[in-house]
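Text of protein_27.csv (CSV, C-alpha atoms and all ligand atoms) as supplied:
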```csv
chain,number,residue,atom,x,y,z
A,132,MET,CA,52.0,37.9,-32.5
A,133,LYS,CA,53.9,34.6,-32.9
A,134,LYS,CA,54.5,32.7,-29.6
A,135,VAL,CA,57.4,30.3,-28.9
A,136,GLU,CA,57.8,27.8,-26.1
A,137,TYR,CA,58.9,29.1,-22.7
A,138,PRO,CA,60.5,27.2,-19.8
A,139,ILE,CA,58.4,26.1,-16.8
A,140,ASP,CA,61.3,26.5,-14.4
A,141,LYS,CA,61.3,30.0,-12.9
A,142,ARG,CA,65.1,30.0,-12.7
A,143,GLU,CA,65.2,29.9,-16.5
A,144,TRP,CA,62.8,32.9,-16.9
A,145,HIS,CA,64.6,35.8,-18.7
A,146,PRO,CA,62.4,37.8,-18.5
A,147,SER,CA,60.7,36.9,-15.3
A,148,LEU,CA,57.0,36.5,-15.6
A,149,ILE,CA,56.2,36.8,-11.9
A,150,PRO,CA,58.2,39.6,-10.2
A,151,GLY,CA,57.8,39.9,-6.5
A,152,PRO,CA,58.3,42.8,-4.0
A,153,VAL,CA,61.6,42.7,-2.2
A,154,VAL,CA,61.3,42.8,1.6
A,155,LEU,CA,63.4,42.0,4.6
A,156,ILE,CA,61.7,39.6,6.9
A,157,SER,CA,62.8,40.4,10.5
A,158,THR,CA,62.6,38.0,13.4
A,159,TYR,CA,63.9,37.1,16.8
A,160,ASN,CA,65.0,33.7,18.0
A,161,PRO,CA,63.8,32.5,21.4
A,162,ARG,CA,67.0,34.2,22.9
A,163,LYS,CA,65.9,37.4,21.3
A,164,GLU,CA,68.8,37.5,18.9
A,165,PRO,CA,67.6,39.3,15.7
A,166,ASN,CA,67.7,37.9,12.1
A,167,ILE,CA,66.9,39.5,8.8
A,168,ALA,CA,66.5,37.8,5.4
A,169,PRO,CA,65.4,39.1,1.9
A,170,LYS,CA,62.3,37.5,0.4
A,171,SER,CA,60.4,38.3,-2.8
A,172,TRP,CA,57.8,35.6,-3.0
A,173,LEU,CA,55.3,37.7,-1.0
A,174,GLN,CA,51.5,38.1,-1.6
A,175,MET,CA,48.2,39.1,0.1
A,176,VAL,CA,45.9,36.2,0.9
A,177,SER,CA,42.9,37.7,2.7
A,178,PHE,CA,41.3,41.1,3.3
A,179,ARG,CA,39.4,40.1,6.5
A,180,PRO,CA,41.3,39.2,8.6
A,181,PRO,CA,44.3,40.8,6.8
A,182,ILE,CA,46.6,37.9,6.0
A,183,LEU,CA,49.7,37.8,3.8
A,184,MET,CA,51.9,34.9,2.8
A,185,PHE,CA,55.5,34.5,1.7
A,186,SER,CA,57.1,31.3,0.5
A,187,GLY,CA,60.3,30.5,2.4
A,188,THR,CA,62.6,27.6,2.9
A,189,LYS,CA,62.1,24.9,5.6
A,190,GLY,CA,64.8,24.9,8.2
A,191,ASN,CA,66.2,28.4,7.4
A,192,THR,CA,66.8,30.8,10.3
A,193,THR,CA,63.8,33.0,9.4
A,194,GLU,CA,61.3,30.2,9.3
A,195,GLU,CA,62.7,28.5,12.5
A,196,ASN,CA,62.4,31.8,14.3
A,197,ILE,CA,58.9,32.4,13.1
A,198,LEU,CA,57.8,28.9,14.3
A,199,ALA,CA,59.4,29.6,17.7
A,200,THR,CA,58.1,33.2,18.3
A,201,GLU,CA,55.0,33.2,16.0
A,202,CYS,CA,55.9,36.7,14.8
A,203,PHE,CA,57.7,38.4,11.9
A,204,GLY,CA,58.2,41.9,10.5
A,205,VAL,CA,57.9,42.7,6.8
A,206,ASN,CA,60.2,45.6,5.9
A,207,PHE,CA,59.9,47.1,2.4
A,208,VAL,CA,63.2,47.6,0.6
A,209,ASP,CA,63.8,50.7,-1.7
A,210,SER,CA,66.1,51.1,-4.6
A,211,SER,CA,68.9,52.7,-2.5
A,212,MET,CA,69.1,49.5,-0.5
A,213,ALA,CA,68.9,47.0,-3.5
A,214,ALA,CA,72.6,46.3,-4.0
A,215,LYS,CA,73.3,45.6,-0.3
A,216,VAL,CA,70.1,43.5,0.1
A,217,PHE,CA,70.9,41.3,-3.0
A,218,GLU,CA,74.4,40.6,-1.8
A,219,CYS,CA,73.7,40.2,2.0
A,220,VAL,CA,72.8,36.5,1.7
A,221,ARG,CA,76.6,35.8,1.5
A,222,TRP,CA,76.5,36.3,5.3
A,223,PHE,CA,74.3,34.9,8.0
A,224,GLY,CA,72.9,36.0,11.4
A,225,ALA,CA,74.6,38.9,13.2
A,226,GLU,CA,77.3,39.2,10.5
A,227,ARG,CA,74.6,39.8,7.8
A,228,ILE,CA,73.0,42.5,9.9
A,229,GLN,CA,76.3,44.1,10.5
A,230,LYS,CA,77.4,44.0,6.8
A,231,LEU,CA,74.0,45.5,5.8
A,232,GLY,CA,74.7,48.4,8.2
A,233,LEU,CA,71.0,48.5,9.2
A,234,THR,CA,69.5,49.6,12.5
A,235,LEU,CA,66.9,47.5,14.2
A,236,PHE,CA,64.1,48.7,16.5
A,237,GLU,CA,61.3,47.0,18.5
A,238,ALA,CA,58.0,46.4,16.6
A,239,SER,CA,55.0,48.0,18.3
A,240,LYS,CA,52.7,44.9,18.6
A,241,ILE,CA,54.8,41.8,17.9
A,242,ASN,CA,57.9,40.1,19.3
A,243,ALA,CA,60.1,41.0,16.4
A,244,PRO,CA,62.5,43.7,15.3
A,245,LEU,CA,61.9,46.1,12.4
A,246,VAL,CA,64.4,47.7,10.1
A,247,GLN,CA,64.7,51.5,10.7
A,248,GLU,CA,66.0,52.4,7.2
A,249,CYS,CA,63.0,50.9,5.4
A,250,LYS,CA,60.1,53.3,4.7
A,251,ALA,CA,57.2,50.9,5.5
A,252,HIS,CA,56.6,48.0,7.7
A,253,LEU,CA,54.0,45.4,8.4
A,254,GLU,CA,53.9,43.5,11.7
A,255,CYS,CA,52.6,39.9,11.5
A,256,GLN,CA,51.4,37.3,13.9
A,257,LEU,CA,51.8,33.7,12.6
A,258,HIS,CA,48.6,32.3,11.2
A,259,GLY,CA,50.0,29.0,9.9
A,260,VAL,CA,52.5,27.3,7.7
A,261,GLN,CA,52.0,25.0,4.7
A,262,GLU,CA,54.6,23.0,2.9
A,263,VAL,CA,54.0,23.2,-0.9
A,264,GLY,CA,56.5,21.2,-3.0
A,265,SER,CA,59.9,22.7,-2.3
A,266,GLY,CA,58.3,25.7,-0.7
A,267,PHE,CA,57.5,26.5,2.9
A,268,VAL,CA,54.6,28.9,2.9
A,269,VAL,CA,54.2,31.2,5.9
A,270,PHE,CA,50.9,32.9,6.5
A,271,GLY,CA,50.9,35.9,8.8
A,272,GLU,CA,48.0,38.0,10.0
A,273,ILE,CA,48.9,41.7,9.7
A,274,VAL,CA,48.3,43.3,13.2
A,275,ALA,CA,50.1,46.6,12.7
A,276,GLY,CA,51.5,48.8,9.9
A,277,SER,CA,53.7,51.9,9.7
A,278,ILE,CA,55.0,54.1,7.0
A,279,TRP,CA,57.3,57.2,6.6
A,280,GLU,CA,54.9,60.1,7.2
A,281,GLU,CA,56.2,62.1,4.2
A,282,VAL,CA,54.7,59.5,1.9
A,283,LEU,CA,51.2,60.4,3.1
A,284,LYS,CA,51.6,64.1,2.6
A,285,VAL,CA,51.7,63.9,-1.3
A,286,ASP,CA,49.1,62.9,-3.9
A,287,ARG,CA,48.3,59.2,-4.3
A,288,GLU,CA,50.4,58.7,-7.5
A,289,LYS,CA,53.4,60.6,-6.1
A,290,ARG,CA,53.4,58.3,-3.0
A,291,TYR,CA,54.9,55.4,-5.1
A,292,GLU,CA,57.8,57.6,-6.1
A,293,LEU,CA,58.6,58.4,-2.5
A,294,LEU,CA,58.1,54.8,-1.3
A,295,ASP,CA,60.3,53.5,-4.2
A,296,LEU,CA,59.4,49.8,-3.8
A,297,ILE,CA,61.4,47.3,-5.8
A,298,VAL,CA,60.6,43.9,-7.3
A,299,PHE,CA,63.0,41.0,-7.8
A,300,LEU,CA,63.3,40.1,-11.5
A,301,GLU,CA,66.1,37.5,-11.7
A,302,ASP,CA,69.6,37.1,-10.2
A,303,GLY,CA,71.2,40.5,-10.2
A,304,LEU,CA,68.2,42.3,-11.7
A,305,PHE,CA,65.4,44.3,-10.1
A,306,ALA,CA,62.9,46.9,-11.1
A,307,ARG,CA,61.6,50.1,-9.3
A,308,ILE,CA,57.9,50.7,-8.8
A,309,ASP,CA,58.2,54.5,-8.9
A,310,LYS,CA,55.7,55.5,-11.5
A,311,ALA,CA,52.0,55.0,-10.9
A,312,LEU,CA,49.8,55.5,-14.0
A,313,ARG,CA,46.1,56.4,-13.6
A,314,ILE,CA,43.7,54.4,-15.8
A,401,LIG,C1,66.4,39.6,-3.4
A,401,LIG,C2,66.2,38.2,-2.8
A,401,LIG,C3,65.0,37.6,-2.7
A,401,LIG,C4,64.8,36.4,-2.1
A,401,LIG,N1,63.6,35.8,-2.0
A,401,LIG,C5,63.4,34.7,-1.3
A,401,LIG,C6,62.1,34.1,-1.2
A,401,LIG,O1,61.1,34.7,-1.6
A,401,LIG,N2,62.0,32.9,-0.5
A,401,LIG,C7,63.1,32.3,0.0
A,401,LIG,O2,62.9,31.2,0.6
A,401,LIG,N3,64.3,32.8,-0.1
A,401,LIG,C8,64.5,33.9,-0.8
A,401,LIG,N4,65.8,34.5,-0.9
A,401,LIG,C9,66.9,33.7,-0.3
A,401,LIG,C10,67.1,33.9,1.2
A,401,LIG,O3,67.1,35.3,1.5
A,401,LIG,C11,68.3,33.2,1.7
A,401,LIG,O4,68.2,31.8,1.6
A,401,LIG,C12,68.8,33.6,3.1
A,401,LIG,O5,70.0,33.1,3.3
A,401,LIG,C13,67.8,33.1,4.2
A,401,LIG,O6,68.3,33.6,5.4
A,401,LIG,P1,68.0,33.0,6.8
A,401,LIG,O7,68.5,31.6,6.8
A,401,LIG,O8,68.7,33.9,7.8
A,401,LIG,O9,66.5,33.0,7.0
A,401,LIG,C14,66.0,35.7,-1.5
A,401,LIG,C15,67.2,36.3,-1.6
A,401,LIG,C16,67.4,37.5,-2.3
A,401,LIG,C17,68.7,38.2,-2.4
```
Spell out the structure here as structure tokens.
Amino acid sequence: MKKVEYPIDKREWHPSLIPGPVVLISTYNPRKEPNIAPKSWLQMVSFRPPILMFSGTKGNTTEENILATECFGVNFVDSSMAAKVFECVRWFGAERIQKLGLTLFEASKINAPLVQECKAHLECQLHGVQEVGSGFVVFGEIVAGSIWEEVLKVDREKRYELLDLIVFLEDGLFARIDKALRI
């Protein structure tokens, strides 16, 4: 297997070497106006307490809202929502929510909305933030989770097919995680 040089700039990766799950981060501002934004730089950090992180952008609405309310929802996007989610960043705030045509409801344990059309959600309490290079990393402790009940009624492998998570590959390209393979 002959290897050739590959760029170190992620934006030049075709194919992407680090695909990330596509989620909608949902927040309120201090006036309780909702906001949702797609993110794909998302990862678990700790089992106990359960902490996840996403790398965001300093000064964007999502990050400002999280600093103000100390809460955020993580809503997992499926393939049926992919096209709308990829293009929604053309709009901002209430207009984005309206163009996406999504329904928001109150989270159970945190001061943030959740996205009804998503099949799974994690509710997070802000643990801390860390600026890393151009990134603004947000750490959230998972305090509640919920999932479409039908997913839990089928065999383990089949659950991925129903959940239909997607990962961001590069601009305009995503992949489905719909086929779990047992070792
Ligand atoms: C599929 C997809 C994934 C994205 N992932 C991230 C991400 O991981 N981190 C980030 O800072 N921005 C990401 N973005 C860009 C933000 O969603 C975009 O800057 C958005 O306008 C931020 O919205 P807000 O200002 O309402 O928070 C992504 C966009 C798309 C379409």
Distance query 9 Å from (48.6, 56.9, -8.2) using all atoms listed in the file, result as a list in words: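 Residues satisfying the cut-off, written out: Asp286, Arg287, Glu288, Lys289, Arg290, Tyr291, Lys310, Ala311, Leu312 and Arg313 of chain A.
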Expected selection as JSON, numbers by chain for ligand LIG 401 (chain A) within 8 Å, only C-alpha atoms and all ligand atoms: {"A": [151, 153, 154, 166, 167, 168, 169, 170, 171, 172, 173, 185, 186, 187, 188, 190, 191, 192, 193, 194, 213, 216, 217, 218, 219, 220, 221, 222, 223, 224, 266, 267, 299, 302]}
Take the residues just selected and output them with C-alpha atoms as an mmCIF file, keeping the file's coordinate frame.
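Now in result-v1.cif:
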```cif
data_model
loop_
_atom_site.group_PDB
_atom_site.id
_atom_site.type_symbol
_atom_site.label_atom_id
_atom_site.label_comp_id
_atom_site.auth_asym_id
_atom_site.auth_seq_id
_atom_site.Cartn_x
_atom_site.Cartn_y
_atom_site.Cartn_z
ATOM 1 C CA GLY A 151 57.800 39.900 -6.500
ATOM 2 C CA VAL A 153 61.600 42.700 -2.200
ATOM 3 C CA VAL A 154 61.300 42.800 1.600
ATOM 4 C CA ASN A 166 67.700 37.900 12.100
ATOM 5 C CA ILE A 167 66.900 39.500 8.800
ATOM 6 C CA ALA A 168 66.500 37.800 5.400
ATOM 7 C CA PRO A 169 65.400 39.100 1.900
ATOM 8 C CA LYS A 170 62.300 37.500 0.400
ATOM 9 C CA SER A 171 60.400 38.300 -2.800
ATOM 10 C CA TRP A 172 57.800 35.600 -3.000
ATOM 11 C CA LEU A 173 55.300 37.700 -1.000
ATOM 12 C CA PHE A 185 55.500 34.500 1.700
ATOM 13 C CA SER A 186 57.100 31.300 0.500
ATOM 14 C CA GLY A 187 60.300 30.500 2.400
ATOM 15 C CA THR A 188 62.600 27.600 2.900
ATOM 16 C CA GLY A 190 64.800 24.900 8.200
ATOM 17 C CA ASN A 191 66.200 28.400 7.400
ATOM 18 C CA THR A 192 66.800 30.800 10.300
ATOM 19 C CA THR A 193 63.800 33.000 9.400
ATOM 20 C CA GLU A 194 61.300 30.200 9.300
ATOM 21 C CA ALA A 213 68.900 47.000 -3.500
ATOM 22 C CA VAL A 216 70.100 43.500 0.100
ATOM 23 C CA PHE A 217 70.900 41.300 -3.000
ATOM 24 C CA GLU A 218 74.400 40.600 -1.800
ATOM 25 C CA CYS A 219 73.700 40.200 2.000
ATOM 26 C CA VAL A 220 72.800 36.500 1.700
ATOM 27 C CA ARG A 221 76.600 35.800 1.500
ATOM 28 C CA TRP A 222 76.500 36.300 5.300
ATOM 29 C CA PHE A 223 74.300 34.900 8.000
ATOM 30 C CA GLY A 224 72.900 36.000 11.400
ATOM 31 C CA GLY A 266 58.300 25.700 -0.700
ATOM 32 C CA PHE A 267 57.500 26.500 2.900
ATOM 33 C CA PHE A 299 63.000 41.000 -7.800
ATOM 34 C CA ASP A 302 69.600 37.100 -10.200
#
```
Residue neighbourhood range 238-245 of chain A, 12 Å, all atoms listed in the file, exclusion window fewer than 5 positions, as number ranges by chain: A: 154-168, 193, 196-197, 199-208, 228, 233, 250-257, 271-278
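Taking CA of Cys249 in chain A and CA of Ser177 in chain A as endpoints, the distance between them is 24.2 Å.
Using all atoms listed in the file, the protein and nucleic acid residues lying no more than 8 Å from Ile297 in chain A, apart from those fewer than 4 places from it along its own chain, are A:Pro152, A:Val153, A:Val208, A:Asp209, A:Ser210, A:Ala213, A:Phe305, A:Ala306, A:Arg307, A:Ile308.
Minimum atom-to-atom distance to Met184 in chain A, evaluated using all atoms listed in the file, belongs to A:Val268 out of A:Val268, A:Val263, A:Leu235, A:Leu300.
Across A:Ile314, A:Val246, A:Ser211, A:Glu301, the tightest approach to Glu143 in chain A is made by A:Glu301 when counting only C-alpha atoms.
Atom pair CA of Arg142 in chain A / CA of Val298 in chain A has a distance of 15.6 Å (rounded to one decimal).
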Residue with smallest distance to Gln174 in chain A - pool A:Leu231, A:Val269, A:Leu148, A:Val285, counting all atoms listed in the file: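 Ranking A:Leu231, A:Val269, A:Leu148, A:Val285 by distance to Gln174 in chain A, first place goes to A:Val269.
From CA of Gln261 in chain A back to CA of Pro180 in chain A, the distance works out to 18.2 Å.
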